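Notes for the one structure printed next.
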Amino acid sequence: MKPFDYRSPADAAEAVRSVAGDPTAVFLGGGTNLVDHLKLGVVEPGHVVGVADLLSAEIEELGEGGLRIGAGVSNSELAADPRVRERFPMLSQALLSGASAQLRNMATVGGNPLQRTRCVYFQDVTTPCNKREPGSGCSALGGWTRNHAILGASEHCIAVHPSDMAVAMAALKARVRVLGPDGDRTIAFVDLHRLPGDTPERDTVLEHGELITAIDLPAQPIARRSAYRKVRDRASYAFALVSVAAALDVADGVVVDARIAFGGVAHAPWRAYRAEEALRGSAAAESSYRAAADAELADARPAEGLDGGNAFKIPLLRRTLTAVLRDLAREDR
Amino acid sequence: MDTEITVQVDGVPRRLTVDTRSTLLDVLRERLAVTSVKKGCDHGQCGACTVLSGGRRVLSCLVLAVTQDGAQVVTAEGLASLAAADDGQLGDDLHPMQRAFIDCDAFQCGYCTPGQVVSAVGMLDEFARGWPSAVTGGTGAPRLDHAEVAERMSGNLCRCGAYVNIVSAVHQAAEASSAQRTAGTESAG
């Protein structure tokens with residue numbers, strides 16, 4: 001690890017000034033991803049600016065059932081909050097399916113969406129990677145692709161975003177409050193992460209020095225009937241092969257509305273707008289759920305690889321979405 | 001680059017100068033000789049380095065020591081009675097969780113054990129607060145069945161495969177502490 005200077009500013013504004021004015025500076029939240037990257041040499045900052053203790057650790061009411069979650073709230077606290085469990089069950093479930101209890105105690109709501117891909121080539125500095133070193137090539141193409149993207153990937157990068165929380169936040173139409181050197185701005189959560197295109201080194205639309213200060217969850221009755229299901233290679237403490245966050249509103253056997261997002265399949269949480277569109281007005285039935293999955297997965301492109309590739313994710317995701325919707329439709333209100 | 005910090009470790013304030021790159025794990029082991037805290041994977045994947053910081057279980061391999069200035073850290077060694085802490089010596093009384101691990105033969109090689117014990121203590125506190133896990137259904141309070149213990153302890157890996165007895169030990173300690181609460185005494189852990 002290269003030497004770095006550590007600062008713990010008095011407030012968020014000072015932290016932003018500190019990082020914005022120094023291209024080699026980074027924010028440190030819970031550290032669960034950044035400290036690992038410091039050890040691996042994935043990032044080599046000159047300055048580390050601790051922010052975990054100076055961001056709000058409160059969950060406030062926004063009115064009509066919405067919530068404002070301070071960026072300093074831990075994943076554990078957010079998952080356990082009774083309001084979140086009741087009003088946004090998919091979010092609590094997504095948080096609890098991520099990492100281990102120790103990591104959830106450390107991880108912060110502001111840092112979680114900014115964690116980086118667990119693509120093994122990104123984490124191995126001895127291999128080419130366009131995300132870590134633009135223009136160096138992509139070692140995942142034709143390599144080990146089990147954990148890689150089937151939607152929205154490019155010839156430059158097939159890595160997936162690892163956060164479970166972010167999938168639920170995208171489905172819930174959350175909004176990200178950001179403090180930058182020029183002041184505040186708010187970004188729709190679904191616009192926070194980028195698809196790789198030809199600049200896979202940029203995970204998000206945030207500029208250097210911009211700090212997430214809170215995430216707002218707008219009131220939305222549909223979210224009360226929602227769930228998150230994660231499929232992985234072991235029962236717990238593993239990243240998603242595929243995951244589904246879904247909310248469903250059914251009346252008289254017909255789907256009135258749906259909110260769906262996928263994890264483990266794209267460079268960003270994947271909002272399944274086509275599936276939602278296919279479901280609206282359809283019978284709350286197995287055939288509708290499969291048709292919705294097919295509509296969304298029509299453009300899926302599996303990656304070939306040394307390990308047999310990841311084409312298995314397409315039927316796996318279709319079955320997972322179908323099962324989640326079936327369970328939600330069955331729930332008594 | 002060096003920074004001075006003060007950390008309370010197992011009830012004893014320790015003032016020291018650390019390189020900003022040092023993890024809490026390395027400071028505990030290499031500087032303070034608290035070798036019960038184990039370095040397993042050193043990348044947040046195994047749980048052997050679990051300690052309590054501010055009462056919460058965390059992975060000391062992913063915590064920069066500079067962020068712990070003023071923190072209260074408890075390791076497996078500190079779970080034992082601190083009755084004799086006046087002279088900096090740990091007491092002989094085992095924590096109920098440590099006693100349960102012995103009673104249930106909940107270790108094989110023992111390398112993961114300190115992390116398991118600390119994690120289990122933190123876990124029972126989280127459970128007592130009503131915190132759910134991924135296997136807790138609905139919005140009610142969880143019940144501490146086998147699935148709950150297994151899920152909540154899944155951040156601590158045991159390569160010997162002693163999970164079965166670890167679950168038994170956690171149950172024994174949970175019963176001991178709930179019996180203690182019922183009896184009106186302060187809960188250990």
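Each chain in the structure tokens gets a letter, A, B and so on, in the order shown; residues start at 1 in every chain, and ligands are counted from 1 in the order they appear.
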
Write out as a Markdown table the residues of chain B that have any atom within 10 Å of an atom of chain A, one row each with the nearest atom pair and its distance in Å to one decimal, counting only C-alpha atoms, sorted by chain and then rising number.
| residue | atom | partner | partner_atom | distance |
| --- | --- | --- | --- | --- |
| B:Met1 | CA | A:Asp5 | CA | 6.2 |
| B:Asp2 | CA | A:Asp5 | CA | 8.5 |
| B:Thr3 | CA | A:Tyr6 | CA | 8.3 |
| B:Asp19 | CA | A:Pro3 | CA | 8.4 |
| B:Thr20 | CA | A:Tyr6 | CA | 6.4 |
| B:Arg21 | CA | A:Pro3 | CA | 6.8 |
| B:Ser22 | CA | A:Met1 | CA | 9.8 |
| B:Thr23 | CA | A:Val35 | CA | 8.7 |
| B:Asp42 | CA | A:Asp36 | CA | 8.4 |
| B:His43 | CA | A:Asp36 | CA | 5.8 |
| B:Gly44 | CA | A:Thr32 | CA | 7.5 |
| B:Gln45 | CA | A:Tyr237 | CA | 8.7 |
| B:Cys46 | CA | A:Ser100 | CA | 9.8 |
| B:Gly47 | CA | A:Gln102 | CA | 7.9 |
| B:Thr50 | CA | A:Gln102 | CA | 7.5 |
| B:Val51 | CA | A:Gln102 | CA | 9.1 |
| B:Leu52 | CA | A:Gln102 | CA | 9.3 |
| B:Ser53 | CA | A:Met106 | CA | 9.8 |
| B:Arg56 | CA | A:Asn105 | CA | 6.7 |
| B:Arg57 | CA | A:Gln102 | CA | 5.3 |
| B:Val58 | CA | A:Gln102 | CA | 4.5 |
| B:Leu59 | CA | A:Gln102 | CA | 6.1 |
| B:Ser60 | CA | A:Gln102 | CA | 9.7 |
| B:Cys61 | CA | A:Val35 | CA | 8.5 |
| B:Leu62 | CA | A:Val35 | CA | 5.6 |
| B:Val63 | CA | A:Gly31 | CA | 6.6 |
| B:Leu64 | CA | A:Val35 | CA | 7.4 |
| B:Val66 | CA | A:Tyr6 | CA | 7.7 |
| B:Thr67 | CA | A:Gly50 | CA | 7.4 |
| B:Ser119 | CA | A:Gln102 | CA | 7.8 |
| B:Gly122 | CA | A:Gln102 | CA | 9.0 |
| B:Met123 | CA | A:Ala101 | CA | 8.1 |
| B:Glu126 | CA | A:Ser76 | CA | 9.3 |
| B:Arg129 | CA | A:Ala80 | CA | 9.2 |
| B:Gly130 | CA | A:Ala80 | CA | 7.7 |
| B:Trp131 | CA | A:Ala80 | CA | 5.1 |
| B:Pro132 | CA | A:Ala80 | CA | 6.0 |
| B:Ser133 | CA | A:Leu96 | CA | 5.8 |
| B:Ala134 | CA | A:Leu96 | CA | 4.9 |
| B:Val135 | CA | A:Leu96 | CA | 8.7 |
| B:Thr136 | CA | A:Gln93 | CA | 9.2 |
| B:Gly137 | CA | A:Gln93 | CA | 9.4 |
| B:Gly138 | CA | A:Arg85 | CA | 7.9 |
| B:Thr139 | CA | A:Arg85 | CA | 5.9 |
| B:Gly140 | CA | A:Pro82 | CA | 9.1 |
| B:Ala150 | CA | A:Ser236 | CA | 9.2 |
| B:Glu151 | CA | A:Ser236 | CA | 6.7 |
| B:Arg152 | CA | A:Ala101 | CA | 6.6 |
| B:Met153 | CA | A:Ala101 | CA | 7.8 |
| B:Ser154 | CA | A:Ser236 | CA | 6.5 |
| B:Gly155 | CA | A:Ser100 | CA | 4.7 |
| B:Asn156 | CA | A:Ser100 | CA | 8.5 |

How would the residues just chosen look if you wrote them out with N, CA and C atoms as a compact mmCIF listing (two decimals), in the first residue's frame?
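Final output, saved to again-v4.txt:
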# COMPACT_ATOMS: atom_id res chain seq x y z
N MET B 1 2.65 7.66 6.66
CA MET B 1 2.46 8.88 7.42
C MET B 1 1.84 8.54 8.77
N ASP B 2 2.39 9.11 9.82
CA ASP B 2 2.02 8.69 11.16
C ASP B 2 0.95 9.59 11.78
N THR B 3 0.11 8.96 12.56
CA THR B 3 -0.94 9.68 13.28
C THR B 3 -1.05 9.10 14.69
N ASP B 19 0.94 4.21 11.56
CA ASP B 19 0.98 4.55 10.14
C ASP B 19 -0.47 4.59 9.66
N THR B 20 -0.81 5.59 8.83
CA THR B 20 -2.21 5.70 8.39
C THR B 20 -2.68 4.45 7.66
N ARG B 21 -1.74 3.66 7.13
CA ARG B 21 -2.13 2.46 6.37
C ARG B 21 -2.47 1.28 7.27
N SER B 22 -2.18 1.39 8.57
CA SER B 22 -2.38 0.24 9.47
C SER B 22 -3.85 -0.08 9.65
N THR B 23 -4.17 -1.35 9.61
CA THR B 23 -5.54 -1.75 9.97
C THR B 23 -5.61 -1.96 11.47
N ASP B 42 -7.68 -11.60 5.55
CA ASP B 42 -7.25 -10.19 5.51
C ASP B 42 -8.00 -9.38 4.45
N HIS B 43 -9.10 -9.91 3.93
CA HIS B 43 -9.88 -9.18 2.92
C HIS B 43 -11.38 -9.19 3.22
N GLY B 44 -11.74 -9.36 4.47
CA GLY B 44 -13.15 -9.26 4.84
C GLY B 44 -14.01 -10.44 4.44
N GLN B 45 -13.39 -11.57 4.21
CA GLN B 45 -14.17 -12.71 3.71
C GLN B 45 -14.34 -13.85 4.70
N CYS B 46 -13.61 -13.83 5.83
CA CYS B 46 -13.64 -15.03 6.69
C CYS B 46 -14.14 -14.78 8.11
N GLY B 47 -14.05 -13.57 8.62
CA GLY B 47 -14.58 -13.26 9.95
C GLY B 47 -13.65 -13.58 11.11
N THR B 50 -12.92 -10.71 13.67
CA THR B 50 -14.06 -9.96 14.21
C THR B 50 -13.79 -9.43 15.62
N VAL B 51 -14.06 -8.15 15.82
CA VAL B 51 -14.03 -7.54 17.15
C VAL B 51 -15.30 -6.71 17.31
N LEU B 52 -15.56 -6.27 18.53
CA LEU B 52 -16.64 -5.32 18.74
C LEU B 52 -16.02 -3.93 18.78
N SER B 53 -16.58 -3.00 18.01
CA SER B 53 -16.15 -1.60 18.08
C SER B 53 -17.41 -0.80 18.35
N ARG B 56 -20.53 -2.94 18.36
CA ARG B 56 -20.98 -3.62 17.13
C ARG B 56 -19.88 -4.53 16.59
N ARG B 57 -20.26 -5.71 16.13
CA ARG B 57 -19.24 -6.59 15.54
C ARG B 57 -18.81 -6.04 14.19
N VAL B 58 -17.52 -5.96 13.99
CA VAL B 58 -16.94 -5.46 12.73
C VAL B 58 -15.72 -6.31 12.38
N LEU B 59 -15.25 -6.14 11.15
CA LEU B 59 -14.06 -6.87 10.69
C LEU B 59 -12.85 -5.96 10.84
N SER B 60 -11.95 -6.31 11.76
CA SER B 60 -10.83 -5.40 12.05
C SER B 60 -9.84 -5.33 10.89
N CYS B 61 -9.90 -6.29 9.94
CA CYS B 61 -8.98 -6.23 8.80
C CYS B 61 -9.38 -5.15 7.81
N LEU B 62 -10.63 -4.67 7.86
CA LEU B 62 -11.09 -3.65 6.92
C LEU B 62 -11.31 -2.30 7.61
N VAL B 63 -10.80 -2.18 8.84
CA VAL B 63 -10.91 -0.92 9.58
C VAL B 63 -9.53 -0.29 9.66
N LEU B 64 -9.40 0.93 9.15
CA LEU B 64 -8.13 1.64 9.33
C LEU B 64 -8.04 2.09 10.79
N VAL B 66 -6.60 4.52 12.12
CA VAL B 66 -6.77 5.97 12.34
C VAL B 66 -8.23 6.36 12.53
N THR B 67 -9.13 5.53 12.03
CA THR B 67 -10.56 5.85 12.19
C THR B 67 -11.07 5.44 13.57
N SER B 119 -18.20 -12.67 17.44
CA SER B 119 -19.32 -12.49 16.51
C SER B 119 -20.62 -12.96 17.15
N GLY B 122 -21.85 -10.41 19.64
CA GLY B 122 -22.46 -9.28 18.93
C GLY B 122 -23.80 -9.67 18.34
N MET B 123 -23.87 -10.89 17.85
CA MET B 123 -25.10 -11.39 17.23
C MET B 123 -26.25 -11.45 18.22
N GLU B 126 -27.59 -8.04 18.74
CA GLU B 126 -28.42 -7.62 17.61
C GLU B 126 -29.80 -8.30 17.68
N ARG B 129 -32.05 -6.78 20.17
CA ARG B 129 -32.62 -5.52 19.70
C ARG B 129 -33.76 -5.73 18.71
N GLY B 130 -33.99 -6.99 18.34
CA GLY B 130 -35.06 -7.28 17.39
C GLY B 130 -34.65 -7.13 15.94
N TRP B 131 -33.33 -7.01 15.70
CA TRP B 131 -32.87 -6.86 14.32
C TRP B 131 -33.18 -8.15 13.55
N PRO B 132 -33.72 -8.01 12.36
CA PRO B 132 -34.02 -9.20 11.54
C PRO B 132 -32.77 -9.70 10.81
N SER B 133 -32.88 -10.89 10.24
CA SER B 133 -31.85 -11.39 9.33
C SER B 133 -32.55 -11.74 8.02
N ALA B 134 -31.77 -12.25 7.07
CA ALA B 134 -32.34 -12.59 5.76
C ALA B 134 -33.36 -13.72 5.84
N VAL B 135 -33.34 -14.50 6.93
CA VAL B 135 -34.29 -15.60 7.02
C VAL B 135 -35.48 -15.27 7.92
N THR B 136 -35.48 -14.06 8.48
CA THR B 136 -36.61 -13.65 9.31
C THR B 136 -37.76 -13.22 8.41
N GLY B 137 -38.88 -13.87 8.51
CA GLY B 137 -40.01 -13.49 7.65
C GLY B 137 -40.81 -12.36 8.26
N GLY B 138 -41.55 -11.64 7.42
CA GLY B 138 -42.48 -10.62 7.90
C GLY B 138 -41.83 -9.49 8.66
N THR B 139 -42.60 -8.83 9.49
CA THR B 139 -42.10 -7.66 10.20
C THR B 139 -42.03 -7.88 11.70
N GLY B 140 -42.30 -9.10 12.14
CA GLY B 140 -42.30 -9.36 13.57
C GLY B 140 -40.90 -9.59 14.12
N ALA B 150 -27.60 -19.89 11.99
CA ALA B 150 -26.72 -20.18 10.86
C ALA B 150 -26.57 -18.94 9.97
N GLU B 151 -27.68 -18.28 9.66
CA GLU B 151 -27.61 -17.10 8.80
C GLU B 151 -26.82 -15.98 9.48
N ARG B 152 -27.11 -15.74 10.75
CA ARG B 152 -26.46 -14.63 11.45
C ARG B 152 -24.97 -14.87 11.68
N MET B 153 -24.56 -16.14 11.70
CA MET B 153 -23.14 -16.45 11.90
C MET B 153 -22.42 -16.73 10.58
N SER B 154 -23.10 -16.48 9.45
CA SER B 154 -22.52 -16.89 8.16
C SER B 154 -21.32 -16.05 7.75
N GLY B 155 -21.06 -14.97 8.45
CA GLY B 155 -19.87 -14.17 8.14
C GLY B 155 -18.60 -14.74 8.75
N ASN B 156 -18.73 -15.79 9.55
CA ASN B 156 -17.57 -16.42 10.17
C ASN B 156 -17.40 -17.81 9.60

Residues of segment 89-153 of chain B that approach segment 166-178 of chain B to 9 Å or less, counting only C-alpha atoms: could you list each one with the shortest pair of atoms and its distance in Å to one decimal, rows by chain and increasing residue number, as JSON lines?
{"residue": "B:Pro96", "atom": "CA", "partner": "B:Ala173", "partner_atom": "CA", "distance": 5.7}
{"residue": "B:Met97", "atom": "CA", "partner": "B:Ala173", "partner_atom": "CA", "distance": 5.2}
{"residue": "B:Gln98", "atom": "CA", "partner": "B:Ala173", "partner_atom": "CA", "distance": 8.5}
{"residue": "B:Arg99", "atom": "CA", "partner": "B:Ala173", "partner_atom": "CA", "distance": 8.1}
{"residue": "B:Ala100", "atom": "CA", "partner": "B:Ala169", "partner_atom": "CA", "distance": 4.9}
{"residue": "B:Phe101", "atom": "CA", "partner": "B:Ala169", "partner_atom": "CA", "distance": 5.2}
{"residue": "B:Ile102", "atom": "CA", "partner": "B:Ala169", "partner_atom": "CA", "distance": 8.2}
{"residue": "B:Asp103", "atom": "CA", "partner": "B:Ala169", "partner_atom": "CA", "distance": 7.5}
{"residue": "B:Cys104", "atom": "CA", "partner": "B:Ala169", "partner_atom": "CA", "distance": 5.6}
{"residue": "B:Asp105", "atom": "CA", "partner": "B:Ile166", "partner_atom": "CA", "distance": 8.0}
{"residue": "B:Ala106", "atom": "CA", "partner": "B:Ile166", "partner_atom": "CA", "distance": 4.7}
{"residue": "B:Phe107", "atom": "CA", "partner": "B:Ile166", "partner_atom": "CA", "distance": 7.3}
{"residue": "B:Gln116", "atom": "CA", "partner": "B:Ile166", "partner_atom": "CA", "distance": 8.1}
{"residue": "B:Val117", "atom": "CA", "partner": "B:Val170", "partner_atom": "CA", "distance": 8.7}
{"residue": "B:Ala120", "atom": "CA", "partner": "B:Val170", "partner_atom": "CA", "distance": 6.5}
{"residue": "B:Val121", "atom": "CA", "partner": "B:Val170", "partner_atom": "CA", "distance": 8.5}
{"residue": "B:Leu124", "atom": "CA", "partner": "B:Ala174", "partner_atom": "CA", "distance": 6.9}
{"residue": "B:Leu144", "atom": "CA", "partner": "B:His171", "partner_atom": "CA", "distance": 7.9}
{"residue": "B:Asp145", "atom": "CA", "partner": "B:His171", "partner_atom": "CA", "distance": 8.5}
{"residue": "B:His146", "atom": "CA", "partner": "B:Val167", "partner_atom": "CA", "distance": 7.0}
{"residue": "B:Val149", "atom": "CA", "partner": "B:Val167", "partner_atom": "CA", "distance": 6.3}
{"residue": "B:Ala150", "atom": "CA", "partner": "B:Val167", "partner_atom": "CA", "distance": 6.8}
{"residue": "B:Met153", "atom": "CA", "partner": "B:Val167", "partner_atom": "CA", "distance": 8.5}

Those same residues, written as a tab-separated table (two decimals), in the first residue's frame with C-alpha atoms?
chain	number	residue	atom	x	y	z
B	96	PRO	CA	-20.98	-17.32	28.95
B	97	MET	CA	-20.30	-17.58	25.21
B	98	GLN	CA	-16.76	-18.79	25.83
B	99	ARG	CA	-18.06	-21.28	28.41
B	100	ALA	CA	-20.67	-22.51	25.93
B	101	PHE	CA	-18.05	-23.02	23.20
B	102	ILE	CA	-16.09	-25.23	25.62
B	103	ASP	CA	-19.16	-27.09	26.86
B	104	CYS	CA	-20.35	-27.82	23.30
B	105	ASP	CA	-16.92	-28.57	21.82
B	106	ALA	CA	-17.57	-25.81	19.31
B	107	PHE	CA	-14.06	-25.64	17.91
B	116	GLN	CA	-16.70	-16.81	16.18
B	117	VAL	CA	-17.08	-16.07	19.90
B	120	ALA	CA	-21.76	-14.64	18.48
B	121	VAL	CA	-21.78	-12.14	21.35
B	124	LEU	CA	-27.05	-12.03	20.43
B	144	LEU	CA	-33.64	-17.82	17.45
B	145	ASP	CA	-33.99	-21.11	15.62
B	146	HIS	CA	-31.26	-23.02	13.80
B	149	VAL	CA	-28.21	-18.74	14.05
B	150	ALA	CA	-26.72	-20.18	10.86
B	153	MET	CA	-23.14	-16.45	11.90

Could you list, as a PDB file with C-alpha atoms, in the first residue's frame, every residue within 10 Å of Asp299 of chain A, counting only C-alpha atoms and ignoring same-chain residues fewer than 6 positions away?
ATOM      1  CA  ILE A 150     -26.047 -10.388 -19.663  1.00  0.00           C
ATOM      2  CA  LEU A 151     -27.712  -6.981 -20.111  1.00  0.00           C
ATOM      3  CA  GLY A 152     -26.293  -3.627 -21.182  1.00  0.00           C
TER       4      GLY A 152
END

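Closest approach to Arg185 of chain A from the set A:Ala140, A:Val109, A:Ala245, A:Ala214 is made by A:Ala214, with distances taken over only C-alpha atoms.
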
Within 8 Å of segment 287-289 of chain A, counting only C-alpha atoms, which residues qualify if same-chain residues fewer than 2 places away don't, as a PyMOL selection string? chain A and resi 278-279+282-285+291-293+321-322+325-326

Using DSSP assignments from the backbone, pull out every residue in segment 45-101 of chain A that falls under helix (DSSP H, G or I) and give it to me as a VMD selection string. chain A and resid 52 to 54 75 to 80 82 to 87 89 to 97 101

May I have all residues of segment 18-208 of chain A that DSSP, computed from the backbone, assigns to strand (DSSP E), given as a PyMOL selection string? chain A and resi 25-28+47-50+59-63+66-70+175-180+183-188

Write out as number ranges by chain the residues lying within 10 Å of Gln8 of chain B, counting only C-alpha atoms and excluding same-chain residues fewer than 4 positions away. B: 12-15, 53, 68-74

As an exercise, work out the distance from atom CA of Asp125 of chain B to atom CA of Lys38 of chain B in Å and give it to one decimal place. 22.2 Å
